[in-house]
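Text of the file data-v5.cif, holding mmCIF, C-alpha atoms:
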data_my_file
loop_
_atom_site.label_atom_id
_atom_site.label_comp_id
_atom_site.auth_asym_id
_atom_site.auth_seq_id
_atom_site.Cartn_x
_atom_site.Cartn_y
_atom_site.Cartn_z
CA MET A 180 0.00 0.00 0.00
CA GLU A 181 2.95 2.35 0.44
CA PRO A 182 5.55 0.89 -1.89
CA GLU A 183 7.92 3.80 -1.42
CA GLN A 184 8.20 2.96 2.28
CA GLN A 185 8.67 -0.74 1.85
CA THR A 186 12.03 -2.41 1.92
CA PRO A 187 10.82 -5.95 1.19
CA GLY A 188 14.32 -7.45 1.14
CA ARG A 189 14.83 -6.44 4.76
CA ARG A 190 11.70 -7.88 6.26
CA PHE A 191 12.07 -11.19 7.98
CA PRO A 192 11.03 -13.90 7.19
CA GLN A 193 11.07 -13.68 3.41
CA SER A 194 8.80 -16.72 3.15
CA VAL A 195 6.08 -14.50 4.65
CA TYR A 196 6.92 -10.97 3.55
CA GLY A 197 8.23 -11.92 0.13
CA VAL A 198 4.72 -12.61 -1.17
CA GLY A 199 1.55 -10.62 -1.76
CA SER A 200 0.78 -7.16 -0.45
CA GLU A 201 0.37 -5.52 2.92
CA PRO A 202 -2.90 -6.58 4.62
CA ASP A 203 -4.92 -4.36 6.94
CA ALA A 204 -2.67 -3.82 9.97
CA ARG A 205 -5.48 -4.85 12.32
CA PHE A 206 -5.51 -8.36 10.88
CA SER A 207 -1.74 -8.70 11.23
CA LEU A 208 -2.03 -7.49 14.82
CA ALA A 209 -4.78 -10.01 15.56
CA ASN A 210 -2.60 -12.74 14.05
CA GLU A 211 0.24 -11.64 16.32
CA ARG A 212 -2.04 -11.75 19.37
CA THR A 213 -3.06 -15.29 18.50
CA PHE A 214 0.60 -16.24 18.35
CA LEU A 215 1.15 -14.64 21.76
CA ALA A 216 -1.82 -16.48 23.25
CA TRP A 217 -0.23 -19.73 22.07
CA ALA A 218 3.13 -18.66 23.48
CA ARG A 219 1.53 -18.05 26.88
CA THR A 220 -0.22 -21.40 26.67
CA GLY A 221 3.19 -22.97 26.08
CA LEU A 222 4.60 -21.13 29.12
CA ALA A 223 1.71 -22.37 31.26
CA LEU A 224 2.28 -25.96 30.10
CA LEU A 225 5.98 -25.65 30.99
CA ALA A 226 5.10 -24.25 34.41
CA GLY A 227 2.61 -27.08 35.00
CA GLY A 228 5.07 -29.76 33.99
CA VAL A 229 7.92 -28.36 36.08
CA ALA A 230 5.64 -27.81 39.09
CA LEU A 231 4.39 -31.41 38.88
CA GLU A 232 7.94 -32.69 39.33
CA ALA A 233 9.15 -30.05 41.75
CA LEU A 234 6.30 -30.04 44.28
CA ASP A 235 6.72 -33.63 45.46
CA LEU A 236 3.07 -34.50 45.00
CA PRO A 237 1.87 -37.89 46.27
CA VAL A 238 1.78 -39.38 42.78
CA GLU A 239 3.54 -42.56 41.69
CA ARG A 240 6.95 -41.45 40.49
CA GLY A 241 6.96 -43.05 37.03
CA LEU A 242 3.52 -41.74 36.08
CA ARG A 243 4.27 -38.32 37.54
CA LEU A 244 7.47 -38.05 35.51
CA SER A 245 5.63 -39.21 32.36
CA ALA A 246 2.93 -36.58 32.84
CA ALA A 247 5.53 -33.87 33.54
CA VAL A 248 7.58 -34.79 30.46
CA LEU A 249 4.43 -34.83 28.32
CA LEU A 250 3.35 -31.38 29.55
CA ILE A 251 6.83 -29.90 29.09
CA ALA A 252 7.15 -31.43 25.62
CA LEU A 253 3.80 -29.89 24.67
CA GLY A 254 4.99 -26.59 26.15
CA ALA A 255 8.16 -26.71 24.07
CA LEU A 256 6.22 -27.65 20.93
CA ALA A 257 3.47 -25.03 21.34
CA PRO A 258 5.58 -21.97 20.39
CA ALA A 259 6.93 -23.77 17.30
CA VAL A 260 3.41 -24.70 16.19
CA ALA A 261 2.31 -21.15 17.00
CA TRP A 262 5.06 -19.69 14.82
CA TRP A 263 4.11 -22.01 11.96
CA GLY A 264 0.45 -21.00 12.26
CA TRP A 265 1.39 -17.32 12.46
CA SER A 266 3.46 -17.47 9.29
CA ARG A 267 0.80 -19.44 7.38
CA VAL A 268 -1.95 -16.99 8.34
CA GLU A 269 0.19 -13.93 7.56
CA ARG A 270 1.11 -15.39 4.17
CA ALA A 271 -2.51 -16.23 3.37
CA MET A 272 -3.61 -12.71 4.29
CA ARG A 273 -0.92 -11.16 2.10
CA ARG A 274 -2.12 -13.25 -0.82
CA SER A 275 -5.81 -12.69 -0.01
CA ASP A 276 -6.17 -16.47 0.23
CA PRO A 277 -8.69 -18.08 2.58
CA LEU A 278 -7.23 -18.44 6.07
CA PRO A 279 -5.71 -21.88 6.74
CA ALA A 280 -7.32 -24.09 9.37
CA PRO A 281 -5.71 -23.75 12.79
CA VAL A 282 -3.29 -26.52 13.72
CA GLY A 283 -2.30 -27.95 17.05
CA PHE A 284 -5.59 -27.85 18.94
CA GLY A 285 -6.13 -31.60 18.70
CA LEU A 286 -2.61 -32.38 19.87
CA LEU A 287 -2.94 -29.94 22.75
CA VAL A 288 -6.28 -31.28 23.96
CA VAL A 289 -5.26 -34.95 23.66
CA GLY A 290 -1.87 -34.27 25.29
CA VAL A 291 -3.29 -32.39 28.27
CA GLY A 292 -6.02 -35.05 28.64
CA VAL A 293 -3.47 -37.87 28.67
CA ALA A 294 -1.33 -35.98 31.23
CA GLY A 295 -4.41 -35.56 33.42
CA VAL A 296 -5.20 -39.28 33.26
CA LEU A 297 -1.57 -40.15 34.11
CA VAL A 298 -1.68 -37.91 37.20
CA LEU A 299 -5.04 -39.34 38.25
CA VAL A 300 -3.90 -42.97 37.94
CA GLY A 301 -0.65 -42.03 39.68
CA LEU A 302 -2.57 -40.49 42.57
CA LEU A 303 -4.69 -43.64 42.99
CA ARG A 304 -1.65 -45.93 42.89
CA ALA A 305 0.51 -43.93 45.30
CA MET T 125 -6.11 -1.47 -0.47
CA THR T 126 -7.71 1.06 1.82
CA ALA T 127 -5.88 2.22 4.90
CA PRO T 128 -7.34 0.95 8.16
CA ALA T 129 -9.40 3.52 9.97
CA HIS T 130 -8.19 2.96 13.52
CA PRO T 131 -5.39 0.48 13.87
CA SER T 132 -4.35 2.02 17.17
CA LEU T 133 -6.76 0.02 19.34
CA ALA T 134 -5.65 -3.23 17.77
CA ALA T 135 -2.05 -2.10 18.24
CA GLU T 136 -2.77 -1.34 21.90
CA ARG T 137 -4.33 -4.77 22.46
CA THR T 138 -1.33 -6.37 20.82
CA ALA T 139 1.05 -4.33 22.98
CA LEU T 140 -0.87 -5.54 26.04
CA ALA T 141 -0.61 -9.13 24.82
CA TRP T 142 3.16 -8.70 24.55
CA ARG T 143 3.23 -7.26 28.07
CA ARG T 144 1.24 -10.21 29.45
CA THR T 145 3.61 -12.60 27.74
CA ALA T 146 6.63 -10.77 29.18
CA LEU T 147 5.01 -10.83 32.62
CA GLY T 148 4.47 -14.57 32.27
CA LEU T 149 8.13 -14.93 31.40
CA VAL T 150 9.17 -13.01 34.54
CA ALA T 151 6.80 -15.05 36.75
CA GLY T 152 8.02 -18.27 35.16
CA SER T 153 11.67 -17.39 35.60
CA VAL T 154 11.11 -16.45 39.27
CA ALA T 155 9.40 -19.82 39.84
CA ALA T 156 12.18 -21.65 37.96
CA GLY T 157 14.83 -19.88 40.03
CA ARG T 158 13.07 -20.75 43.26
CA LEU T 159 12.72 -24.42 42.29
CA LEU T 160 16.24 -24.83 40.91
CA VAL T 161 17.84 -23.25 43.98
CA GLU T 162 17.53 -26.65 45.69
CA ILE T 163 19.60 -28.29 42.98
CA TRP T 164 21.96 -25.60 41.73
CA GLY T 165 22.28 -23.32 44.76
CA VAL T 166 22.59 -19.58 44.28
CA ALA T 167 23.46 -20.06 40.58
CA ALA T 168 19.79 -20.88 39.96
CA TRP T 169 18.88 -17.21 40.32
CA SER T 170 20.78 -16.57 37.09
CA VAL T 171 17.79 -18.23 35.39
CA THR T 172 15.54 -15.60 36.97
CA LEU T 173 17.92 -12.86 35.90
CA ALA T 174 18.06 -14.20 32.33
CA GLY T 175 14.27 -14.47 32.13
CA THR T 176 13.80 -10.95 33.44
CA VAL T 177 16.36 -9.49 31.02
CA LEU T 178 14.70 -11.39 28.16
CA ALA T 179 11.31 -10.00 29.20
CA ALA T 180 12.74 -6.47 29.25
CA VAL T 181 14.16 -6.96 25.75
CA VAL T 182 10.78 -8.28 24.55
CA LEU T 183 8.96 -5.31 26.08
CA ARG T 184 11.34 -2.87 24.47
CA ALA T 185 11.06 -4.52 21.06
CA ALA T 186 7.26 -4.68 21.30
CA ARG T 187 7.15 -1.00 22.22
CA ARG T 188 9.28 -0.11 19.23
CA ARG T 189 7.08 -2.29 17.06
CA ARG T 190 4.01 -0.44 18.18
CA HIS T 191 5.62 2.92 17.47
CA ASP T 192 6.74 1.76 14.03
CA LEU T 193 3.26 0.57 13.18
CA HIS T 194 1.75 3.77 14.47
CA GLY T 195 4.17 5.79 12.39
CA ARG T 196 3.28 3.79 9.30
CA GLN T 197 -0.48 3.71 9.75
CA THR T 198 -1.45 7.04 11.22
CA PRO T 199 -1.92 9.93 8.80
CA GLY T 200 0.21 12.84 9.91
CA ALA T 201 2.47 10.77 12.15
CA ALA T 202 6.17 10.86 11.42
CA PRO T 203 6.97 8.12 8.90
CA HIS T 204 9.51 5.55 9.96
CA VAL T 205 10.95 4.67 6.60
CA GLY T 206 11.95 1.05 6.17
CA ARG T 207 10.84 0.04 9.62
CA ASP T 208 7.76 -1.97 8.88
CA PRO T 209 7.17 -4.38 11.72
CA GLY T 210 8.26 -7.75 10.42
CA GLY T 211 8.48 -11.18 11.99
CA ARG T 212 11.79 -10.92 13.83
CA LEU T 213 10.34 -10.42 17.29
CA VAL T 214 7.75 -13.17 16.78
CA THR T 215 10.41 -15.57 15.50
CA ALA T 216 12.86 -14.73 18.29
CA CYS T 217 10.10 -15.17 20.89
CA ALA T 218 9.13 -18.59 19.50
CA ALA T 219 12.76 -19.72 19.36
CA ALA T 220 13.45 -18.57 22.93
CA LEU T 221 10.39 -20.42 24.25
CA VAL T 222 11.31 -23.63 22.41
CA LEU T 223 14.81 -23.40 23.96
CA LEU T 224 13.28 -22.77 27.39
CA GLY T 225 11.06 -25.84 26.95
CA GLY T 226 14.04 -27.96 25.90
CA ALA T 227 15.98 -26.77 28.95
CA ALA T 228 13.02 -27.59 31.24
CA LEU T 229 12.84 -31.07 29.71
CA VAL T 230 16.55 -31.66 30.35
CA VAL T 231 16.28 -30.38 33.94
CA VAL T 232 13.30 -32.62 34.74
CA LEU T 233 14.81 -35.71 33.12
CA THR T 234 18.21 -35.32 34.80
CA ARG T 235 16.81 -34.40 38.20
CA PRO T 236 18.20 -36.61 40.96
CA GLY T 237 15.81 -38.63 43.11
#
I'd like the structure from this file rewritten - as structure tokens, please.
Amino acid sequence: MEPEQQTPGRRFPQSVYGVGSEPDARFSLANERTFLAWARTGLALLAGGVALEALDLPVERGLRLSAAVLLIALGALAPAVAWWGWSRVERAMRRSDPLPAPVGFGLLVVGVGVAGVLVLVGLLRA
Amino acid sequence: MTAPAHPSLAAERTALAWRRTALGLVAGSVAAGRLLVEIWGVAAWSVTLAGTVLAAVVLRAARRRRHDLHGRQTPGAAPHVGRDPGGRLVTACAAALVLLGGAALVVVLTRPG
């Protein structure tokens, strides 16, 4: 929209900013907020996983460790998935393509559910 | 493409989202420091320090981002030539969090007892 102000070669990443034209800033900002919400979700998963191991809860050790590792792995994966989703949405908006379907929700829900079951069984067995 | 009428509210919400994320990072690094103190001793507080410094850097970058966007989108505002907000901050944030997660995984898996 303001080609004289653009320096396309300098905008990172090129896979996103190398295509299409500038979308309405509000949509880019909303996309960024979605990324940040995912990033915070990842932080919360990390905190939950670390707390599970660090607080010495009366949960069978093997199951507790499995649940903690699962939560932390999800927490480490979430920001990567979030970045991928962010770049796909930004690219689609620049090309005026339909927005891609969100990814990662299924994995997140199943993962957190499995971690919950592990903790529950571990509590009953301890 | 028409210019957005009022991007400033969306920009403000996004700035707040960055602040919440930075706050979460500070809280997380304080908790990590407190928990690791039992294993690493005083050195564990370096994790808190690193997290807090990282949060400050994120806040600063997000603030600059907001100003850049404002400069680009608001009629009459001083133009910031060549400083369109790109994906550097988002990418750096994602990379830092993945590293943090990897570190947490290593700490939990190598924890004695």
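Near region 205-210 of chain A, within a cut-off of 7 Å and counting only C-alpha atoms, sit the residues A:Trp265, A:Glu269, T:Pro131, T:Ala134, T:Ala135, T:Thr138, with same-chain residues fewer than 5 positions away left out.
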Selection: 9 Å around Leu303 (chain A), only C-alpha atoms, excl. self and same-chain fewer than 4 positions, as a compact mmCIF listing (two decimals) with C-alpha atoms, in the coordinates of the input:
# COMPACT_ATOMS: atom_id res chain seq x y z
CA VAL A 238 1.78 -39.38 42.78
CA GLU A 239 3.54 -42.56 41.69
CA VAL A 298 -1.68 -37.91 37.20
CA LEU A 299 -5.04 -39.34 38.25
Step by step, work through what the PyMOL selection byres ((chain T and resi 221) around 12) selects in the shown file, and finish by giving those residues as a ChimeraX atom specification.
/A:215,217-225,251-262 /T:145-146,148-149,152-153,175,178-179,214-220,222-228
So the first atom is CA of Ala271 (chain A) and the second is CA of Gly290 (chain A); what is the distance between them in Å, to one decimal place?
28.4 Å
Would you compute the distance between CA of Leu287 (chain A) and CA of Val231 (chain T)? Give it in Å to one decimal.
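These two atoms are separated by 22.2 Å.
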Resolved residues for the PyMOL selection byres ((chain T and resi 236) around 12) as a PDB file with C-alpha atoms, in the coordinates of the input:
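Below is the file out09.pdb, written as the result:
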ATOM      1  CA  GLU A 232       7.940 -32.690  39.330  1.00  0.00           C
ATOM      2  CA  ALA A 233       9.150 -30.050  41.750  1.00  0.00           C
TER       3      ALA A 233
ATOM      4  CA  LEU T 160      16.240 -24.830  40.910  1.00  0.00           C
ATOM      5  CA  GLU T 162      17.530 -26.650  45.690  1.00  0.00           C
ATOM      6  CA  ILE T 163      19.600 -28.290  42.980  1.00  0.00           C
ATOM      7  CA  TRP T 164      21.960 -25.600  41.730  1.00  0.00           C
ATOM      8  CA  VAL T 230      16.550 -31.660  30.350  1.00  0.00           C
ATOM      9  CA  VAL T 231      16.280 -30.380  33.940  1.00  0.00           C
ATOM     10  CA  VAL T 232      13.300 -32.620  34.740  1.00  0.00           C
ATOM     11  CA  LEU T 233      14.810 -35.710  33.120  1.00  0.00           C
ATOM     12  CA  THR T 234      18.210 -35.320  34.800  1.00  0.00           C
ATOM     13  CA  ARG T 235      16.810 -34.400  38.200  1.00  0.00           C
ATOM     14  CA  GLY T 237      15.810 -38.630  43.110  1.00  0.00           C
TER      15      GLY T 237
END
Separation of CA of Val293 (chain A) from CA of Leu250 (chain A), in Å and rounded to one decimal
9.5 Å
Would you mind telling me which residue in T:Ala174, T:Val181, T:Ala141, T:Val166 lies nearest to chain A when using all atoms listed in the file?
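Once distances to chain A are computed over all atoms listed in the file, the minimum belongs to T:Ala141.
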Could you give me, as a ChimeraX atom specification, the residues within 12 Å of Leu234 (chain A), counting all atoms listed in the file and dropping anything in the same chain fewer than 6 positions from it?
/A:226-228,243-244,247 /T:155,158-160,162
List the neighbours of Trp169 (chain T) out to 8 Å using all atoms listed in the file; skip same-chain residues closer than 4 positions along the sequence, and give me the result as JSON, numbers by chain.
{"T": [154, 157, 158, 161, 173]}
Which residues come within 12 Å of Val198 (chain A), counting all atoms listed in the file, excluding same-chain residues fewer than 6 positions away, as a PyMOL selection string?
chain A and resi 187-188+190-192+266-267+269-276
Here is a test: counting only C-alpha atoms, which residue of A:Leu249, A:Val229, A:Glu211, A:Glu201 is nearest to Leu213 (chain T)?
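For Leu213 (chain T), the nearest of the given residues is A:Glu211.
Closest approach to Ala216 (chain A) among T:His191, T:Arg143, T:Arg212, T:Leu133 is made by T:Arg143 (distances from only C-alpha atoms).
Take the candidates A:Ala280, A:Arg189, A:Ala230, A:Ala246 and check each one against Val300 (chain A) using only C-alpha atoms; the shortest distance goes to A:Ala246.
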